[in-house]
Amino acid sequence: MEDYGMLWDDYSMEFHAKLVDSNGDWTKLDNDEQEIAALWKLFVDINNGGFIQFFCNWGYPCLCYAMRGLERMEDTSLYDLLSDTYYAVLEKFKDDTRLTAYWDIPEYLTDEDEERLNAADTQFYETECERFTKMAYEFYHQALKKTVTPIND
């Protein structure tokens, strides 16, 4: 039996490395590369510290790239989970003047917000992660045969 978590991590890490090499400039990556790098961040951070860690580390633009990737590979279950969680918990902070950085958000989360985040994280660990990594690996690596392109300066 294939370990898709490991396959996805090994494969997608190359695209994250390209983003790092471009000093975090998402525009240096093509659309596929943006999605793969964002989905790598999503996979690693949710597994490490949950959706709040992913969002606070990388912000709304990264979430959008990840969501675009989920939509393209037709992972509607994870797309809906993340979308619902974002709109239920994080969207209200979009124009909050108390915030100077994404990592200020946890200070203002309610008990209900934290329960919602914990439920989303649990669902990701228990039902979404394994299916997501298989779908992502099969879509980007096997179907699209996507490889990292050199950075054009």
# chains A, B, ... in the order shown; residues from 1 in each chain; ligands from 1

call {"tool": "residues_around", "arguments": {"residues": "Tyr86 of chain A", "least_positions_apart": "3", "cutoff": "12 Å", "atoms": "only C-alpha atoms", "output": "PyMOL selection string"}}
result
chain A and resi 51-52+54-56+59-60+63-64+67+79-83+89-94+113+116-117+120

call {"tool": "residues_around", "arguments": {"residues": "segment 25-28 of chain A", "least_positions_apart": "4", "cutoff": "7 Å", "atoms": "only C-alpha atoms", "output": "VMD selection string"}}
result
chain A and resid 19 34 151

call {"tool": "write_last_selection", "arguments": {"atoms": "all heavy atoms", "output": "PDB file, in the first residue's frame"}}
result
ATOM      1  N   LEU A  19       9.403  28.360  -4.242  1.00  0.00           N
ATOM      2  CA  LEU A  19       8.830  29.573  -3.653  1.00  0.00           C
ATOM      3  C   LEU A  19       9.834  30.226  -2.703  1.00  0.00           C
ATOM      4  O   LEU A  19      10.024  31.446  -2.737  1.00  0.00           O
ATOM      5  CB  LEU A  19       7.525  29.256  -2.922  1.00  0.00           C
ATOM      6  CG  LEU A  19       6.829  30.424  -2.240  1.00  0.00           C
ATOM      7  CD1 LEU A  19       6.397  31.481  -3.263  1.00  0.00           C
ATOM      8  CD2 LEU A  19       5.629  29.926  -1.442  1.00  0.00           C
ATOM      9  N   GLN A  34       2.056  27.395  -7.865  1.00  0.00           N
ATOM     10  CA  GLN A  34       1.450  28.128  -6.748  1.00  0.00           C
ATOM     11  C   GLN A  34       0.549  27.212  -5.941  1.00  0.00           C
ATOM     12  O   GLN A  34       0.601  27.186  -4.713  1.00  0.00           O
ATOM     13  CB  GLN A  34       0.631  29.319  -7.268  1.00  0.00           C
ATOM     14  CG  GLN A  34       1.443  30.432  -7.841  1.00  0.00           C
ATOM     15  CD  GLN A  34       0.581  31.462  -8.558  1.00  0.00           C
ATOM     16  OE1 GLN A  34      -0.593  31.240  -8.861  1.00  0.00           O
ATOM     17  NE2 GLN A  34       1.176  32.611  -8.848  1.00  0.00           N
ATOM     18  N   ILE A 151      13.282  29.348 -12.242  1.00  0.00           N
ATOM     19  CA  ILE A 151      12.832  30.720 -11.981  1.00  0.00           C
ATOM     20  C   ILE A 151      13.399  31.619 -13.070  1.00  0.00           C
ATOM     21  O   ILE A 151      14.599  31.586 -13.365  1.00  0.00           O
ATOM     22  CB  ILE A 151      13.304  31.213 -10.596  1.00  0.00           C
ATOM     23  CG1 ILE A 151      12.674  30.362  -9.500  1.00  0.00           C
ATOM     24  CG2 ILE A 151      12.977  32.683 -10.406  1.00  0.00           C
ATOM     25  CD1 ILE A 151      13.176  30.670  -8.105  1.00  0.00           C
TER      26      ILE A 151
END

call {"tool": "closest_residue", "arguments": {"among": "A:Asp104, A:Gly50, A:Lys134, A:Thr149", "to": "Ala119 of chain A", "atoms": "only C-alpha atoms"}}
result
A:Gly50

call {"tool": "residues_around", "arguments": {"residues": "segment 137-144 of chain A", "least_positions_apart": "5", "cutoff": "12 Å", "atoms": "only C-alpha atoms", "output": "short mmCIF file (atom, residue, chain, number, x, y, z; two decimals) with all heavy atoms, in the first residue's frame"}}
result
data_model
loop_
_atom_site.label_atom_id
_atom_site.label_comp_id
_atom_site.auth_asym_id
_atom_site.auth_seq_id
_atom_site.Cartn_x
_atom_site.Cartn_y
_atom_site.Cartn_z
N GLU A 2 0.55 2.18 -0.86
CA GLU A 2 1.32 3.43 -1.01
C GLU A 2 1.08 4.35 0.18
O GLU A 2 -0.04 4.47 0.67
CB GLU A 2 0.89 4.15 -2.29
CG GLU A 2 1.08 3.34 -3.53
CD GLU A 2 2.36 3.68 -4.27
OE1 GLU A 2 3.26 4.30 -3.70
OE2 GLU A 2 2.44 3.29 -5.43
N ASP A 3 2.12 5.04 0.61
CA ASP A 3 2.00 6.07 1.63
C ASP A 3 1.92 7.41 0.90
O ASP A 3 2.93 8.04 0.60
CB ASP A 3 3.20 6.04 2.58
CG ASP A 3 3.11 7.09 3.68
OD1 ASP A 3 2.25 8.00 3.59
OD2 ASP A 3 3.91 7.02 4.62
N TYR A 4 0.69 7.81 0.58
CA TYR A 4 0.50 9.03 -0.20
C TYR A 4 0.92 10.28 0.55
O TYR A 4 1.30 11.28 -0.06
CB TYR A 4 -0.94 9.13 -0.71
CG TYR A 4 -1.18 8.21 -1.87
CD1 TYR A 4 -1.78 6.97 -1.69
CD2 TYR A 4 -0.78 8.57 -3.15
CE1 TYR A 4 -1.99 6.11 -2.76
CE2 TYR A 4 -0.98 7.72 -4.23
CZ TYR A 4 -1.58 6.50 -4.02
OH TYR A 4 -1.77 5.65 -5.08
N GLY A 5 0.85 10.25 1.88
CA GLY A 5 1.33 11.40 2.65
C GLY A 5 2.80 11.64 2.39
O GLY A 5 3.23 12.78 2.14
N MET A 6 3.58 10.59 2.40
CA MET A 6 5.01 10.71 2.14
C MET A 6 5.28 11.05 0.68
O MET A 6 6.12 11.91 0.37
CB MET A 6 5.74 9.42 2.52
CG MET A 6 7.25 9.53 2.40
SD MET A 6 8.09 8.09 3.08
CE MET A 6 7.81 8.40 4.81
N LEU A 7 4.55 10.41 -0.24
CA LEU A 7 4.73 10.71 -1.65
C LEU A 7 4.41 12.18 -1.94
O LEU A 7 5.15 12.87 -2.66
CB LEU A 7 3.83 9.81 -2.51
CG LEU A 7 4.23 8.34 -2.61
CD1 LEU A 7 3.12 7.54 -3.29
CD2 LEU A 7 5.54 8.19 -3.35
N TRP A 8 3.29 12.66 -1.39
CA TRP A 8 2.90 14.05 -1.61
C TRP A 8 3.92 15.00 -1.00
O TRP A 8 4.33 15.97 -1.63
CB TRP A 8 1.51 14.33 -1.04
CG TRP A 8 1.16 15.78 -1.09
CD1 TRP A 8 1.04 16.63 -0.04
CD2 TRP A 8 0.92 16.58 -2.26
NE1 TRP A 8 0.73 17.89 -0.48
CE2 TRP A 8 0.66 17.89 -1.84
CE3 TRP A 8 0.91 16.30 -3.61
CZ2 TRP A 8 0.39 18.92 -2.72
CZ3 TRP A 8 0.64 17.34 -4.50
CH2 TRP A 8 0.38 18.63 -4.05
N ASP A 9 4.35 14.72 0.21
CA ASP A 9 5.33 15.58 0.88
C ASP A 9 6.61 15.66 0.07
O ASP A 9 7.11 16.76 -0.21
CB ASP A 9 5.60 15.06 2.29
CG ASP A 9 6.46 16.00 3.10
OD1 ASP A 9 6.21 17.23 3.07
OD2 ASP A 9 7.40 15.52 3.77
N ASP A 10 7.16 14.52 -0.34
CA ASP A 10 8.40 14.51 -1.12
C ASP A 10 8.25 15.25 -2.44
O ASP A 10 9.13 16.01 -2.84
CB ASP A 10 8.85 13.07 -1.39
CG ASP A 10 9.34 12.35 -0.15
OD1 ASP A 10 9.61 13.01 0.88
OD2 ASP A 10 9.44 11.11 -0.20
N TYR A 11 7.13 15.02 -3.11
CA TYR A 11 6.89 15.65 -4.41
C TYR A 11 6.66 17.16 -4.27
O TYR A 11 7.30 17.96 -4.94
CB TYR A 11 5.69 14.98 -5.08
CG TYR A 11 5.17 15.70 -6.29
CD1 TYR A 11 5.89 15.71 -7.48
CD2 TYR A 11 3.96 16.38 -6.26
CE1 TYR A 11 5.42 16.37 -8.61
CE2 TYR A 11 3.47 17.03 -7.38
CZ TYR A 11 4.20 17.03 -8.55
OH TYR A 11 3.73 17.69 -9.65
N SER A 12 5.77 17.55 -3.41
CA SER A 12 5.36 18.95 -3.34
C SER A 12 6.40 19.85 -2.68
O SER A 12 6.41 21.06 -2.89
CB SER A 12 4.02 19.08 -2.63
OG SER A 12 4.08 18.53 -1.32
N MET A 13 7.28 19.26 -1.89
CA MET A 13 8.33 20.03 -1.22
C MET A 13 9.21 20.78 -2.23
O MET A 13 9.69 21.88 -1.97
CB MET A 13 9.18 19.08 -0.37
CG MET A 13 10.10 19.78 0.59
SD MET A 13 11.09 18.60 1.56
CE MET A 13 9.86 17.45 2.14
N GLU A 14 9.40 20.20 -3.41
CA GLU A 14 10.21 20.85 -4.46
C GLU A 14 9.59 22.19 -4.88
O GLU A 14 10.30 23.14 -5.17
CB GLU A 14 10.33 19.95 -5.68
CG GLU A 14 11.07 18.66 -5.44
CD GLU A 14 11.08 17.80 -6.69
OE1 GLU A 14 11.30 18.34 -7.79
OE2 GLU A 14 10.85 16.59 -6.55
N PHE A 15 8.27 22.23 -4.92
CA PHE A 15 7.59 23.45 -5.35
C PHE A 15 7.65 24.50 -4.24
O PHE A 15 7.78 25.69 -4.52
CB PHE A 15 6.15 23.12 -5.75
CG PHE A 15 6.08 22.19 -6.92
CD1 PHE A 15 6.10 20.81 -6.73
CD2 PHE A 15 6.06 22.67 -8.21
CE1 PHE A 15 6.06 19.94 -7.80
CE2 PHE A 15 6.03 21.81 -9.30
CZ PHE A 15 6.04 20.44 -9.10
N ASN A 31 0.74 28.84 -12.24
CA ASN A 31 -0.47 28.51 -11.47
C ASN A 31 -0.38 27.15 -10.78
O ASN A 31 -0.75 27.02 -9.62
CB ASN A 31 -1.71 28.56 -12.36
CG ASN A 31 -2.12 29.98 -12.69
OD1 ASN A 31 -1.64 30.93 -12.11
ND2 ASN A 31 -3.03 30.11 -13.64
N ASP A 32 0.09 26.14 -11.50
CA ASP A 32 0.22 24.81 -10.90
C ASP A 32 1.18 24.85 -9.73
O ASP A 32 0.92 24.28 -8.67
CB ASP A 32 0.72 23.78 -11.92
CG ASP A 32 -0.26 23.48 -13.03
OD1 ASP A 32 -1.48 23.69 -12.83
OD2 ASP A 32 0.19 23.03 -14.10
N GLU A 33 2.31 25.50 -9.92
CA GLU A 33 3.33 25.58 -8.87
C GLU A 33 2.81 26.33 -7.64
O GLU A 33 3.09 25.94 -6.51
CB GLU A 33 4.60 26.24 -9.41
CG GLU A 33 5.30 25.42 -10.45
CD GLU A 33 6.40 26.17 -11.18
OE1 GLU A 33 6.33 27.41 -11.29
OE2 GLU A 33 7.33 25.50 -11.66
N GLN A 34 2.06 27.40 -7.86
CA GLN A 34 1.45 28.13 -6.75
C GLN A 34 0.55 27.21 -5.94
O GLN A 34 0.60 27.19 -4.71
CB GLN A 34 0.63 29.32 -7.27
CG GLN A 34 1.44 30.43 -7.84
CD GLN A 34 0.58 31.46 -8.56
OE1 GLN A 34 -0.59 31.24 -8.86
NE2 GLN A 34 1.18 32.61 -8.85
N GLU A 35 -0.28 26.47 -6.64
CA GLU A 35 -1.22 25.56 -5.97
C GLU A 35 -0.48 24.48 -5.19
O GLU A 35 -0.79 24.22 -4.03
CB GLU A 35 -2.15 24.93 -7.00
CG GLU A 35 -3.09 25.92 -7.63
CD GLU A 35 -3.75 25.44 -8.89
OE1 GLU A 35 -3.62 24.22 -9.23
OE2 GLU A 35 -4.40 26.25 -9.57
N ILE A 36 0.52 23.87 -5.81
CA ILE A 36 1.25 22.79 -5.16
C ILE A 36 1.99 23.32 -3.93
O ILE A 36 1.95 22.69 -2.87
CB ILE A 36 2.21 22.10 -6.14
CG1 ILE A 36 1.41 21.42 -7.27
CG2 ILE A 36 3.09 21.09 -5.41
CD1 ILE A 36 2.26 20.97 -8.45
N ALA A 37 2.64 24.47 -4.05
CA ALA A 37 3.36 25.04 -2.90
C ALA A 37 2.39 25.38 -1.78
O ALA A 37 2.66 25.11 -0.60
CB ALA A 37 4.15 26.29 -3.33
N LEU A 39 -0.58 24.01 -1.27
CA LEU A 39 -1.13 22.76 -0.73
C LEU A 39 -0.10 22.04 0.13
O LEU A 39 -0.47 21.36 1.09
CB LEU A 39 -1.63 21.86 -1.87
CG LEU A 39 -2.90 22.37 -2.56
CD1 LEU A 39 -3.16 21.60 -3.84
CD2 LEU A 39 -4.10 22.31 -1.63
N TRP A 40 1.18 22.19 -0.18
CA TRP A 40 2.22 21.63 0.69
C TRP A 40 2.17 22.33 2.05
O TRP A 40 2.20 21.69 3.08
CB TRP A 40 3.61 21.78 0.08
CG TRP A 40 4.68 21.21 0.97
CD1 TRP A 40 5.06 19.90 1.04
CD2 TRP A 40 5.48 21.92 1.92
NE1 TRP A 40 6.06 19.75 1.98
CE2 TRP A 40 6.34 20.97 2.53
CE3 TRP A 40 5.57 23.24 2.31
CZ2 TRP A 40 7.25 21.32 3.51
CZ3 TRP A 40 6.48 23.59 3.29
CH2 TRP A 40 7.31 22.64 3.88
N GLY A 69 -6.36 25.11 -5.91
CA GLY A 69 -5.88 23.76 -6.20
C GLY A 69 -6.89 22.70 -5.82
O GLY A 69 -7.11 21.75 -6.57
N LEU A 70 -7.49 22.84 -4.65
CA LEU A 70 -8.51 21.88 -4.22
C LEU A 70 -9.68 21.86 -5.19
O LEU A 70 -10.21 20.79 -5.51
CB LEU A 70 -9.00 22.21 -2.81
CG LEU A 70 -7.99 22.04 -1.68
CD1 LEU A 70 -8.54 22.60 -0.38
CD2 LEU A 70 -7.60 20.57 -1.53
N GLU A 71 -10.05 23.02 -5.67
CA GLU A 71 -11.16 23.10 -6.62
C GLU A 71 -10.79 22.42 -7.94
O GLU A 71 -11.59 21.65 -8.48
CB GLU A 71 -11.53 24.57 -6.86
CG GLU A 71 -12.76 24.77 -7.69
CD GLU A 71 -13.21 26.21 -7.72
OE1 GLU A 71 -12.35 27.12 -7.83
OE2 GLU A 71 -14.42 26.43 -7.63
N ARG A 72 -9.58 22.67 -8.43
CA ARG A 72 -9.15 22.05 -9.68
C ARG A 72 -9.09 20.53 -9.60
O ARG A 72 -9.44 19.84 -10.54
CB ARG A 72 -7.77 22.57 -10.10
CG ARG A 72 -7.83 23.93 -10.75
CD ARG A 72 -6.49 24.35 -11.28
NE ARG A 72 -6.01 23.45 -12.33
CZ ARG A 72 -4.72 23.24 -12.57
NH1 ARG A 72 -3.79 23.79 -11.83
NH2 ARG A 72 -4.37 22.44 -13.55
N MET A 73 -8.62 20.01 -8.47
CA MET A 73 -8.51 18.55 -8.36
C MET A 73 -9.80 17.93 -7.84
O MET A 73 -9.87 16.73 -7.62
CB MET A 73 -7.31 18.14 -7.50
CG MET A 73 -7.29 18.67 -6.12
SD MET A 73 -5.70 18.32 -5.34
CE MET A 73 -6.31 17.61 -3.82
N GLU A 74 -10.82 18.76 -7.68
CA GLU A 74 -12.18 18.34 -7.31
C GLU A 74 -12.25 17.67 -5.94
O GLU A 74 -13.01 16.74 -5.73
CB GLU A 74 -12.79 17.46 -8.41
CG GLU A 74 -12.91 18.19 -9.72
CD GLU A 74 -13.48 17.35 -10.84
OE1 GLU A 74 -13.74 16.15 -10.66
OE2 GLU A 74 -13.69 17.93 -11.93
N ASP A 75 -11.45 18.21 -5.01
CA ASP A 75 -11.54 17.76 -3.62
C ASP A 75 -12.57 18.64 -2.92
O ASP A 75 -12.24 19.54 -2.15
CB ASP A 75 -10.18 17.83 -2.92
CG ASP A 75 -10.19 17.19 -1.54
OD1 ASP A 75 -11.30 16.96 -1.00
OD2 ASP A 75 -9.11 16.93 -0.99
N GLU A 130 -5.65 11.80 4.40
CA GLU A 130 -5.22 10.68 3.57
C GLU A 130 -5.80 10.76 2.17
O GLU A 130 -5.12 10.55 1.17
CB GLU A 130 -5.59 9.36 4.24
CG GLU A 130 -5.01 8.16 3.54
CD GLU A 130 -5.28 6.87 4.30
OE1 GLU A 130 -5.39 6.90 5.54
OE2 GLU A 130 -5.38 5.84 3.62
N ARG A 131 -7.08 11.07 2.08
CA ARG A 131 -7.73 11.20 0.77
C ARG A 131 -7.14 12.36 -0.01
O ARG A 131 -6.87 12.27 -1.21
CB ARG A 131 -9.25 11.37 0.95
CG ARG A 131 -10.03 11.30 -0.34
CD ARG A 131 -11.51 11.56 -0.12
NE ARG A 131 -11.77 12.64 0.81
CZ ARG A 131 -11.56 13.94 0.55
NH1 ARG A 131 -11.07 14.29 -0.61
NH2 ARG A 131 -11.83 14.86 1.44
N PHE A 132 -6.92 13.49 0.68
CA PHE A 132 -6.34 14.68 0.04
C PHE A 132 -4.97 14.38 -0.57
O PHE A 132 -4.71 14.73 -1.72
CB PHE A 132 -6.24 15.84 1.05
CG PHE A 132 -5.18 16.84 0.69
CD1 PHE A 132 -5.34 17.69 -0.39
CD2 PHE A 132 -4.00 16.90 1.42
CE1 PHE A 132 -4.34 18.59 -0.73
CE2 PHE A 132 -3.00 17.81 1.09
CZ PHE A 132 -3.18 18.65 0.00
#

call {"tool": "closest_residue", "arguments": {"among": "A:Lys146, A:Asp30, A:Asn152, A:Trp58", "to": "Ala101 of chain A", "atoms": "only C-alpha atoms"}}
result
A:Trp58

call {"tool": "select_by_dssp", "arguments": {"residues": "segment 46-148 of chain A", "states": "alpha helix (DSSP H)", "output": "MDAnalysis selection string"}}
result
chainID A and resid 46:49 51:72 76:85 111:123 129:136

call {"tool": "atom_distance", "arguments": {"atom1": "atom CA of Cys62 of chain A", "atom2": "atom CA of Tyr102 of chain A"}}
result
12.4 Å

call {"tool": "atom_distance", "arguments": {"atom1": "atom CA of Cys129 of chain A", "atom2": "atom CA of Phe43 of chain A"}}
result
7.6 Å

call {"tool": "closest_residue", "arguments": {"among": "A:Pro150, A:His16, A:Ile46, A:Ser22", "to": "Thr122 of chain A", "atoms": "only C-alpha atoms"}}
result
A:Ile46

call {"tool": "closest_residue", "arguments": {"among": "A:Leu29, A:Tyr108, A:Ala38, A:Asn48", "to": "Ala136 of chain A", "atoms": "only C-alpha atoms"}}
result
A:Ala38

call {"tool": "closest_residue", "arguments": {"among": "A:Glu126, A:Asp121, A:Lys41, A:Met135", "to": "Val20 of chain A", "atoms": "only C-alpha atoms"}}
result
A:Lys41

call {"tool": "closest_residue", "arguments": {"among": "A:Pro61, A:Thr76, A:Asn47, A:Glu107", "to": "Gly24 of chain A", "atoms": "only C-alpha atoms"}}
result
A:Pro61

call {"tool": "atom_distance", "arguments": {"atom1": "atom CA of Glu128 of chain A", "atom2": "atom CA of Leu42 of chain A"}}
result
12.1 Å

call {"tool": "decode", "arguments": {"residues": "segment 66-77 of chain A", "atoms": "all heavy atoms", "output": "mmCIF file, in the first residue's frame"}}
result
data_model
loop_
_atom_site.group_PDB
_atom_site.id
_atom_site.type_symbol
_atom_site.label_atom_id
_atom_site.label_comp_id
_atom_site.auth_asym_id
_atom_site.auth_seq_id
_atom_site.Cartn_x
_atom_site.Cartn_y
_atom_site.Cartn_z
ATOM 1 N N ALA A 66 -4.286 27.555 -2.332
ATOM 2 C CA ALA A 66 -4.624 26.193 -1.910
ATOM 3 C C ALA A 66 -6.068 25.852 -2.301
ATOM 4 O O ALA A 66 -6.339 24.754 -2.810
ATOM 5 C CB ALA A 66 -4.416 26.033 -0.408
ATOM 6 N N MET A 67 -6.974 26.771 -2.085
ATOM 7 C CA MET A 67 -8.376 26.538 -2.419
ATOM 8 C C MET A 67 -8.552 26.365 -3.931
ATOM 9 O O MET A 67 -9.333 25.527 -4.375
ATOM 10 C CB MET A 67 -9.245 27.680 -1.894
ATOM 11 C CG MET A 67 -9.228 27.838 -0.382
ATOM 12 S SD MET A 67 -9.915 26.442 0.498
ATOM 13 C CE MET A 67 -11.654 26.765 0.260
ATOM 14 N N ARG A 68 -7.817 27.146 -4.701
ATOM 15 C CA ARG A 68 -7.878 26.994 -6.158
ATOM 16 C C ARG A 68 -7.416 25.594 -6.562
ATOM 17 O O ARG A 68 -8.026 24.946 -7.410
ATOM 18 C CB ARG A 68 -7.016 28.073 -6.828
ATOM 19 C CG ARG A 68 -7.128 28.087 -8.342
ATOM 20 C CD ARG A 68 -6.296 29.182 -8.960
ATOM 21 N NE ARG A 68 -4.883 28.836 -8.861
ATOM 22 C CZ ARG A 68 -3.887 29.718 -8.952
ATOM 23 N NH1 ARG A 68 -4.138 31.007 -9.115
ATOM 24 N NH2 ARG A 68 -2.635 29.321 -8.864
ATOM 25 N N GLY A 69 -6.356 25.112 -5.914
ATOM 26 C CA GLY A 69 -5.875 23.761 -6.198
ATOM 27 C C GLY A 69 -6.887 22.696 -5.820
ATOM 28 O O GLY A 69 -7.110 21.748 -6.571
ATOM 29 N N LEU A 70 -7.493 22.840 -4.647
ATOM 30 C CA LEU A 70 -8.509 21.877 -4.216
ATOM 31 C C LEU A 70 -9.683 21.856 -5.193
ATOM 32 O O LEU A 70 -10.214 20.789 -5.514
ATOM 33 C CB LEU A 70 -9.004 22.213 -2.812
ATOM 34 C CG LEU A 70 -7.993 22.036 -1.684
ATOM 35 C CD1 LEU A 70 -8.539 22.600 -0.381
ATOM 36 C CD2 LEU A 70 -7.602 20.573 -1.525
ATOM 37 N N GLU A 71 -10.054 23.021 -5.669
ATOM 38 C CA GLU A 71 -11.164 23.103 -6.622
ATOM 39 C C GLU A 71 -10.793 22.418 -7.938
ATOM 40 O O GLU A 71 -11.586 21.649 -8.476
ATOM 41 C CB GLU A 71 -11.528 24.568 -6.863
ATOM 42 C CG GLU A 71 -12.759 24.766 -7.692
ATOM 43 C CD GLU A 71 -13.206 26.214 -7.718
ATOM 44 O OE1 GLU A 71 -12.351 27.120 -7.826
ATOM 45 O OE2 GLU A 71 -14.421 26.427 -7.629
ATOM 46 N N ARG A 72 -9.581 22.669 -8.425
ATOM 47 C CA ARG A 72 -9.150 22.052 -9.683
ATOM 48 C C ARG A 72 -9.088 20.534 -9.596
ATOM 49 O O ARG A 72 -9.441 19.844 -10.542
ATOM 50 C CB ARG A 72 -7.772 22.574 -10.100
ATOM 51 C CG ARG A 72 -7.833 23.926 -10.748
ATOM 52 C CD ARG A 72 -6.494 24.346 -11.280
ATOM 53 N NE ARG A 72 -6.014 23.453 -12.332
ATOM 54 C CZ ARG A 72 -4.725 23.238 -12.574
ATOM 55 N NH1 ARG A 72 -3.792 23.792 -11.833
ATOM 56 N NH2 ARG A 72 -4.368 22.439 -13.548
ATOM 57 N N MET A 73 -8.622 20.011 -8.465
ATOM 58 C CA MET A 73 -8.510 18.552 -8.356
ATOM 59 C C MET A 73 -9.799 17.928 -7.843
ATOM 60 O O MET A 73 -9.866 16.734 -7.618
ATOM 61 C CB MET A 73 -7.311 18.143 -7.501
ATOM 62 C CG MET A 73 -7.287 18.673 -6.116
ATOM 63 S SD MET A 73 -5.705 18.318 -5.340
ATOM 64 C CE MET A 73 -6.311 17.613 -3.820
ATOM 65 N N GLU A 74 -10.818 18.760 -7.683
ATOM 66 C CA GLU A 74 -12.175 18.340 -7.314
ATOM 67 C C GLU A 74 -12.245 17.673 -5.943
ATOM 68 O O GLU A 74 -13.011 16.736 -5.731
ATOM 69 C CB GLU A 74 -12.788 17.459 -8.409
ATOM 70 C CG GLU A 74 -12.910 18.189 -9.724
ATOM 71 C CD GLU A 74 -13.484 17.348 -10.843
ATOM 72 O OE1 GLU A 74 -13.736 16.145 -10.657
ATOM 73 O OE2 GLU A 74 -13.686 17.925 -11.928
ATOM 74 N N ASP A 75 -11.451 18.213 -5.010
ATOM 75 C CA ASP A 75 -11.540 17.757 -3.616
ATOM 76 C C ASP A 75 -12.575 18.636 -2.920
ATOM 77 O O ASP A 75 -12.240 19.536 -2.147
ATOM 78 C CB ASP A 75 -10.180 17.833 -2.923
ATOM 79 C CG ASP A 75 -10.195 17.193 -1.541
ATOM 80 O OD1 ASP A 75 -11.295 16.960 -0.996
ATOM 81 O OD2 ASP A 75 -9.106 16.932 -0.994
ATOM 82 N N THR A 76 -13.829 18.387 -3.227
ATOM 83 C CA THR A 76 -14.903 19.242 -2.714
ATOM 84 C C THR A 76 -15.071 19.123 -1.206
ATOM 85 O O THR A 76 -15.437 20.099 -0.553
ATOM 86 C CB THR A 76 -16.242 18.923 -3.412
ATOM 87 O OG1 THR A 76 -16.525 17.536 -3.253
ATOM 88 C CG2 THR A 76 -16.178 19.273 -4.889
ATOM 89 N N SER A 77 -14.781 17.981 -0.650
ATOM 90 C CA SER A 77 -14.938 17.790 0.787
ATOM 91 C C SER A 77 -13.983 18.684 1.567
ATOM 92 O O SER A 77 -14.386 19.401 2.489
ATOM 93 C CB SER A 77 -14.721 16.316 1.143
ATOM 94 O OG SER A 77 -14.846 16.125 2.527
#
